[in-house]
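**Q** Dumping the structure here so I can ask a few things about it.
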Amino acid sequence: MQNLLTVIILIWAVNICSCSGQNNKQLPTENDKQGQSPINNYQPIVAYYNDEQTDTTKIISILRNVKDIVNPNERIITIAKEFLGTPYVGGTLNVPPQEQLYVNTTNLDCLTFVETVIALTKATQTAEPTVNDYLMNLKSIRYRNGEIDGYPSRLHYISEWGIDNEKRGNFREITPECEFSVTKMKTIDYMTKNRNLYPALANDSVFKAIQENEKPLQNLRYSIIPASKVDEASKSFLKSGDIVAIETNKSGLDVSHVGILNIRNGIPYMIHASSKYKKVINDTVPLKKYLEKQKSPGIRVFRL
């Protein structure tokens with residue numbers, strides 16, 4: 001009888017411990033998720049890769065290399081330099097047969113270079129960044145409201161790219177805050193005025209959608225830092241890691257080129273995907289002289 005009582009007590013004790021363990025079991029942590037993004041925001045992102053193994057290996061390597069860099073602007077510059085020598089190839093976003101998130105770390109144009117650097121930088125804001133974090137940020141930066149809905153959903157003009165991303169907190173335009181900035185007004189409609197240059201616009205519904213997207217850009221007011229004031233602005237206002245957009249005089253177009261600002265010995269330069277040199281370069285031509293050569297009125301500046 002005593003032995004039977006002992007067995008019953010032991011079984012009771014085991015059940016209590018088992019129940020206690022179930023009640024104290026923790027919910028999955030951020031690191032339990034494949035993408036390691038916050039659980040409530042986790043979304044596995046489907047992407048179209050140029051070369052999935054090469055692209056994902058490059059992304060993971062960069063995320064690991066910069067994880068201990070605390071200063072965000074230093075982190076941007078470090079990431080940008082990871083792409084030095086990468087071939088310049090224009091029009092890569094038109095490679096997929098239909099509009100989808102395209103990942104290509106081995107061929108870049110000026111905008112895809114900048115978007116890649118921004119997306120990697122923002123991905124490092126998570127504790128254990130992954131490829132999926134990068135993809136989430138790239139999608140958010142490249143598309144209107146962060147959603148892909150055909151060719152018109154891509155942010156084609158830098159003005160709308162800046163406005164849409166600032167609205168969602170990805171980065172902001174700081175040009176108006178500079179004491180040297182001046183206000184300009186221009187109607188941005190280059191794409192529909194040059195329909196023949198964009199194969200996607202051969203489709204009438206796509207063309208009309210782009211026309212609708214251009215309506216808020218009519219008589220658009222925006223600020224620039226004049227080319228003559230760029231060196232002065234770099235002394236107290238501009239920072240290495242800022243995103244620089246080169247204004248153009250071309251009718252209907254706001255910006256002709258973008259890059260990452262790199263201030264060396266007090267002089268501003270750009271790290272950018274150069275169509276002239278056919279690769280990503282750490283330019284040796286000072287930004288002011290670059291603007292003069294391009295006959296650009298000035299720059300617009302964005303900051304994470």
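Letters for chains follow the order of the structure tokens (A, B, ...), residue numbers begin at 1 for each chain, and ligand numbers begin at 1 in the order shown.
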Could you pull out the helix (DSSP H, G or I) residues of range 57-294 of chain A from DSSP and send them as a count of residues only?
**A** 110
**Q** Any idea what's packed within 7 Å of range 140-155 of chain A, counting only C-alpha atoms, ignoring anything in its chain fewer than 6 positions away? Could you give it as a compact mmCIF listing (two decimals) with all heavy atoms, in the first residue's frame?
**A**
# COMPACT_ATOMS: atom_id res chain seq x y z
N GLU A 99 6.40 43.34 -63.66
CA GLU A 99 6.92 44.14 -62.54
C GLU A 99 6.93 43.31 -61.26
O GLU A 99 5.91 42.82 -60.81
CB GLU A 99 6.06 45.39 -62.33
CG GLU A 99 6.69 46.40 -61.41
CD GLU A 99 7.93 47.05 -61.95
OE1 GLU A 99 8.04 47.25 -63.18
OE2 GLU A 99 8.81 47.40 -61.14
N GLN A 100 8.11 43.14 -60.71
CA GLN A 100 8.29 42.46 -59.43
C GLN A 100 9.59 42.94 -58.80
O GLN A 100 10.37 43.64 -59.44
CB GLN A 100 8.28 40.94 -59.61
CG GLN A 100 9.27 40.41 -60.64
CD GLN A 100 9.04 38.94 -60.93
OE1 GLN A 100 9.03 38.11 -60.02
NE2 GLN A 100 8.85 38.59 -62.19
N GLU A 115 19.47 52.73 -53.97
CA GLU A 115 18.41 51.98 -53.29
C GLU A 115 18.97 50.75 -52.56
O GLU A 115 18.54 50.42 -51.45
CB GLU A 115 17.35 51.54 -54.30
CG GLU A 115 16.48 52.68 -54.80
CD GLU A 115 15.41 52.23 -55.77
OE1 GLU A 115 15.62 51.20 -56.46
OE2 GLU A 115 14.37 52.90 -55.87
N TRP A 161 9.75 59.86 -55.49
CA TRP A 161 10.51 58.89 -54.69
C TRP A 161 10.79 59.47 -53.31
O TRP A 161 10.60 58.82 -52.29
CB TRP A 161 11.79 58.58 -55.45
CG TRP A 161 12.75 57.59 -54.88
CD1 TRP A 161 12.66 56.22 -54.92
CD2 TRP A 161 14.02 57.88 -54.25
NE1 TRP A 161 13.79 55.65 -54.36
CE2 TRP A 161 14.63 56.65 -53.94
CE3 TRP A 161 14.68 59.06 -53.94
CZ2 TRP A 161 15.88 56.57 -53.32
CZ3 TRP A 161 15.92 58.99 -53.32
CH2 TRP A 161 16.51 57.76 -53.01
N ASP A 164 7.27 60.15 -51.33
CA ASP A 164 6.62 58.93 -50.86
C ASP A 164 7.42 58.28 -49.73
O ASP A 164 6.83 57.81 -48.75
CB ASP A 164 6.49 57.95 -52.04
CG ASP A 164 5.60 56.76 -51.70
OD1 ASP A 164 4.37 56.89 -51.81
OD2 ASP A 164 6.14 55.71 -51.30
N ASN A 165 8.73 58.24 -49.85
CA ASN A 165 9.55 57.62 -48.80
C ASN A 165 9.57 58.44 -47.52
O ASN A 165 9.59 57.89 -46.42
CB ASN A 165 10.97 57.38 -49.32
CG ASN A 165 11.09 56.08 -50.09
OD1 ASN A 165 11.12 55.00 -49.51
ND2 ASN A 165 11.14 56.19 -51.41
N VAL A 206 -1.08 51.68 -69.01
CA VAL A 206 0.12 52.04 -68.25
C VAL A 206 0.45 53.51 -68.47
O VAL A 206 0.78 54.24 -67.52
CB VAL A 206 1.32 51.14 -68.65
CG1 VAL A 206 2.61 51.64 -67.99
CG2 VAL A 206 1.05 49.70 -68.27
N ALA A 209 -1.85 55.63 -66.46
CA ALA A 209 -1.52 55.55 -65.04
C ALA A 209 -0.33 56.45 -64.71
O ALA A 209 -0.32 57.12 -63.67
CB ALA A 209 -1.23 54.11 -64.64
N ILE A 210 0.66 56.48 -65.58
CA ILE A 210 1.82 57.35 -65.37
C ILE A 210 1.39 58.81 -65.47
O ILE A 210 1.86 59.67 -64.69
CB ILE A 210 2.94 57.05 -66.38
CG1 ILE A 210 3.50 55.63 -66.16
CG2 ILE A 210 4.07 58.08 -66.28
CD1 ILE A 210 4.21 55.44 -64.84
**Q** Find the residues near range 232-238 of chain A: any atom within 12 Å, counting only C-alpha atoms, skip ones fewer than 5 places away on the same chain, and give them as a VMD selection string.
**A** chain A and resid 73 174 to 181 224 to 227 243 to 244 260 to 269 286 to 288 298 to 303
**Q** Between CA of Arg168 in chain A and CA of Lys184 in chain A, what is the spacing in Å?
**A**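 Separating CA of Lys184 in chain A from CA of Arg168 in chain A is a distance of 24.4 Å.
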**Q** Can you list every residue in range 122-231 of chain A that DSSP puts in strand (DSSP E), as a list in words?
**A**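 For range 122-231 of chain A, the strand (DSSP E) set is Arg172, Glu173, Val182, Thr183, Lys184, Met185, Lys186, Leu220, Arg221, Tyr222, Ser223, Ile224, Ile225 and Pro226 of chain A.
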**Q** List the neighbours of range 101-107 of chain A out to 9 Å using only C-alpha atoms; skip same-chain residues closer than 6 positions along the sequence, and give me the result as a PyMOL selection string.
**A** chain A and resi 45-52+54-56+58-59+83+86-90+92-95+113+116+135+138-139+142+148+279
**Q** List the neighbours of Val66 in chain A out to 12 Å using only C-alpha atoms; skip same-chain residues closer than 2 positions along the sequence, and give me the result as a PDB file with N, CA and C atoms, in the first residue's frame.
**A**
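Final file, out-v3.pdb:
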ATOM      1  N   ILE A  59      24.659  40.006 -50.047  1.00  0.00           N
ATOM      2  CA  ILE A  59      23.823  40.708 -49.058  1.00  0.00           C
ATOM      3  C   ILE A  59      24.187  40.270 -47.640  1.00  0.00           C
ATOM      4  N   ILE A  60      24.269  38.955 -47.421  1.00  0.00           N
ATOM      5  CA  ILE A  60      24.594  38.434 -46.091  1.00  0.00           C
ATOM      6  C   ILE A  60      25.977  38.893 -45.646  1.00  0.00           C
ATOM      7  N   SER A  61      26.932  38.862 -46.560  1.00  0.00           N
ATOM      8  CA  SER A  61      28.297  39.277 -46.242  1.00  0.00           C
ATOM      9  C   SER A  61      28.351  40.733 -45.791  1.00  0.00           C
ATOM     10  N   ILE A  62      27.659  41.608 -46.513  1.00  0.00           N
ATOM     11  CA  ILE A  62      27.663  43.028 -46.165  1.00  0.00           C
ATOM     12  C   ILE A  62      26.973  43.258 -44.827  1.00  0.00           C
ATOM     13  N   LEU A  63      25.836  42.616 -44.612  1.00  0.00           N
ATOM     14  CA  LEU A  63      25.112  42.782 -43.349  1.00  0.00           C
ATOM     15  C   LEU A  63      25.982  42.376 -42.161  1.00  0.00           C
ATOM     16  N   ARG A  64      26.770  41.346 -42.336  1.00  0.00           N
ATOM     17  CA  ARG A  64      27.663  40.902 -41.257  1.00  0.00           C
ATOM     18  C   ARG A  64      28.819  41.883 -41.057  1.00  0.00           C
ATOM     19  N   ASP A  68      28.644  46.053 -36.577  1.00  0.00           N
ATOM     20  CA  ASP A  68      29.216  46.695 -35.388  1.00  0.00           C
ATOM     21  C   ASP A  68      29.474  48.190 -35.572  1.00  0.00           C
ATOM     22  N   ILE A  69      29.127  48.731 -36.748  1.00  0.00           N
ATOM     23  CA  ILE A  69      29.314  50.163 -36.989  1.00  0.00           C
ATOM     24  C   ILE A  69      28.105  50.908 -36.433  1.00  0.00           C
ATOM     25  N   VAL A  70      28.315  51.748 -35.453  1.00  0.00           N
ATOM     26  CA  VAL A  70      27.214  52.428 -34.761  1.00  0.00           C
ATOM     27  C   VAL A  70      26.733  53.648 -35.530  1.00  0.00           C
ATOM     28  N   ASN A  71      27.658  54.466 -36.021  1.00  0.00           N
ATOM     29  CA  ASN A  71      27.289  55.696 -36.717  1.00  0.00           C
ATOM     30  C   ASN A  71      26.589  55.376 -38.038  1.00  0.00           C
ATOM     31  N   PRO A  72      25.328  55.826 -38.222  1.00  0.00           N
ATOM     32  CA  PRO A  72      24.571  55.456 -39.430  1.00  0.00           C
ATOM     33  C   PRO A  72      25.203  55.975 -40.723  1.00  0.00           C
ATOM     34  N   ASN A  73      25.769  57.177 -40.697  1.00  0.00           N
ATOM     35  CA  ASN A  73      26.378  57.720 -41.916  1.00  0.00           C
ATOM     36  C   ASN A  73      27.651  56.966 -42.278  1.00  0.00           C
ATOM     37  N   GLU A  74      28.415  56.588 -41.258  1.00  0.00           N
ATOM     38  CA  GLU A  74      29.609  55.778 -41.507  1.00  0.00           C
ATOM     39  C   GLU A  74      29.218  54.419 -42.065  1.00  0.00           C
ATOM     40  N   ARG A  75      28.099  53.905 -41.578  1.00  0.00           N
ATOM     41  CA  ARG A  75      27.613  52.606 -42.054  1.00  0.00           C
ATOM     42  C   ARG A  75      27.228  52.686 -43.537  1.00  0.00           C
ATOM     43  N   ILE A  76      26.573  53.770 -43.911  1.00  0.00           N
ATOM     44  CA  ILE A  76      26.187  53.956 -45.315  1.00  0.00           C
ATOM     45  C   ILE A  76      27.417  53.993 -46.211  1.00  0.00           C
ATOM     46  N   ILE A  77      28.420  54.772 -45.816  1.00  0.00           N
ATOM     47  CA  ILE A  77      29.639  54.889 -46.611  1.00  0.00           C
ATOM     48  C   ILE A  77      30.333  53.532 -46.741  1.00  0.00           C
ATOM     49  N   THR A  78      30.393  52.798 -45.639  1.00  0.00           N
ATOM     50  CA  THR A  78      31.032  51.479 -45.662  1.00  0.00           C
ATOM     51  C   THR A  78      30.300  50.541 -46.613  1.00  0.00           C
ATOM     52  N   ILE A  79      28.986  50.557 -46.555  1.00  0.00           N
ATOM     53  CA  ILE A  79      28.196  49.710 -47.452  1.00  0.00           C
ATOM     54  C   ILE A  79      28.395  50.144 -48.905  1.00  0.00           C
ATOM     55  N   ALA A  80      28.367  51.440 -49.155  1.00  0.00           N
ATOM     56  CA  ALA A  80      28.553  51.948 -50.516  1.00  0.00           C
ATOM     57  C   ALA A  80      29.886  51.482 -51.098  1.00  0.00           C
ATOM     58  N   LYS A  81      30.925  51.493 -50.283  1.00  0.00           N
ATOM     59  CA  LYS A  81      32.258  51.098 -50.756  1.00  0.00           C
ATOM     60  C   LYS A  81      32.340  49.608 -51.072  1.00  0.00           C
ATOM     61  N   GLU A  82      31.427  48.826 -50.502  1.00  0.00           N
ATOM     62  CA  GLU A  82      31.393  47.388 -50.810  1.00  0.00           C
ATOM     63  C   GLU A  82      31.087  47.137 -52.293  1.00  0.00           C
ATOM     64  N   VAL A 117      22.017  50.409 -51.331  1.00  0.00           N
ATOM     65  CA  VAL A 117      22.750  50.878 -50.153  1.00  0.00           C
ATOM     66  C   VAL A 117      21.786  51.268 -49.030  1.00  0.00           C
ATOM     67  N   LEU A 120      20.094  48.080 -47.507  1.00  0.00           N
ATOM     68  CA  LEU A 120      21.030  47.354 -46.647  1.00  0.00           C
ATOM     69  C   LEU A 120      21.229  48.092 -45.327  1.00  0.00           C
ATOM     70  N   THR A 121      21.357  49.417 -45.406  1.00  0.00           N
ATOM     71  CA  THR A 121      21.557  50.219 -44.195  1.00  0.00           C
ATOM     72  C   THR A 121      20.354  50.097 -43.263  1.00  0.00           C
ATOM     73  N   LYS A 122      19.155  50.186 -43.820  1.00  0.00           N
ATOM     74  CA  LYS A 122      17.950  50.097 -42.995  1.00  0.00           C
ATOM     75  C   LYS A 122      17.758  48.680 -42.448  1.00  0.00           C
ATOM     76  N   ALA A 123      18.187  47.689 -43.206  1.00  0.00           N
ATOM     77  CA  ALA A 123      18.068  46.307 -42.724  1.00  0.00           C
ATOM     78  C   ALA A 123      18.909  46.084 -41.472  1.00  0.00           C
ATOM     79  N   THR A 124      20.022  46.808 -41.358  1.00  0.00           N
ATOM     80  CA  THR A 124      20.905  46.634 -40.203  1.00  0.00           C
ATOM     81  C   THR A 124      20.313  47.230 -38.932  1.00  0.00           C
ATOM     82  N   GLN A 125      19.153  47.866 -39.023  1.00  0.00           N
ATOM     83  CA  GLN A 125      18.503  48.405 -37.828  1.00  0.00           C
ATOM     84  C   GLN A 125      17.843  47.304 -36.998  1.00  0.00           C
ATOM     85  N   GLU A 128      19.254  41.086 -35.755  1.00  0.00           N
ATOM     86  CA  GLU A 128      19.934  40.059 -36.547  1.00  0.00           C
ATOM     87  C   GLU A 128      19.418  40.140 -37.984  1.00  0.00           C
ATOM     88  N   PRO A 129      19.926  41.096 -38.768  1.00  0.00           N
ATOM     89  CA  PRO A 129      19.385  41.323 -40.113  1.00  0.00           C
ATOM     90  C   PRO A 129      19.596  40.142 -41.054  1.00  0.00           C
TER      91      PRO A 129
END
**Q** Any idea what the distance is between CA of Val114 in chain A and CA of Val258 in chain A?
**A**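 It comes out at 7.2 Å.
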**Q** So which residues touch range 187-195 of chain A within 10 Å, counting only C-alpha atoms, skipping near sequence neighbours fewer than 2 positions away, as a ChimeraX atom specification?
**A** /A:156-157,159-160,185,197-202,207-208,210-211,213-221,250-255
**Q** Taking only C-alpha atoms into account, name the residue in A:Ala273, A:Ala119, A:Leu291, A:Val285 that is nearest to Asn132 in chain A.
**A**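 Under the stated criterion, the closest residue is A:Ala119.
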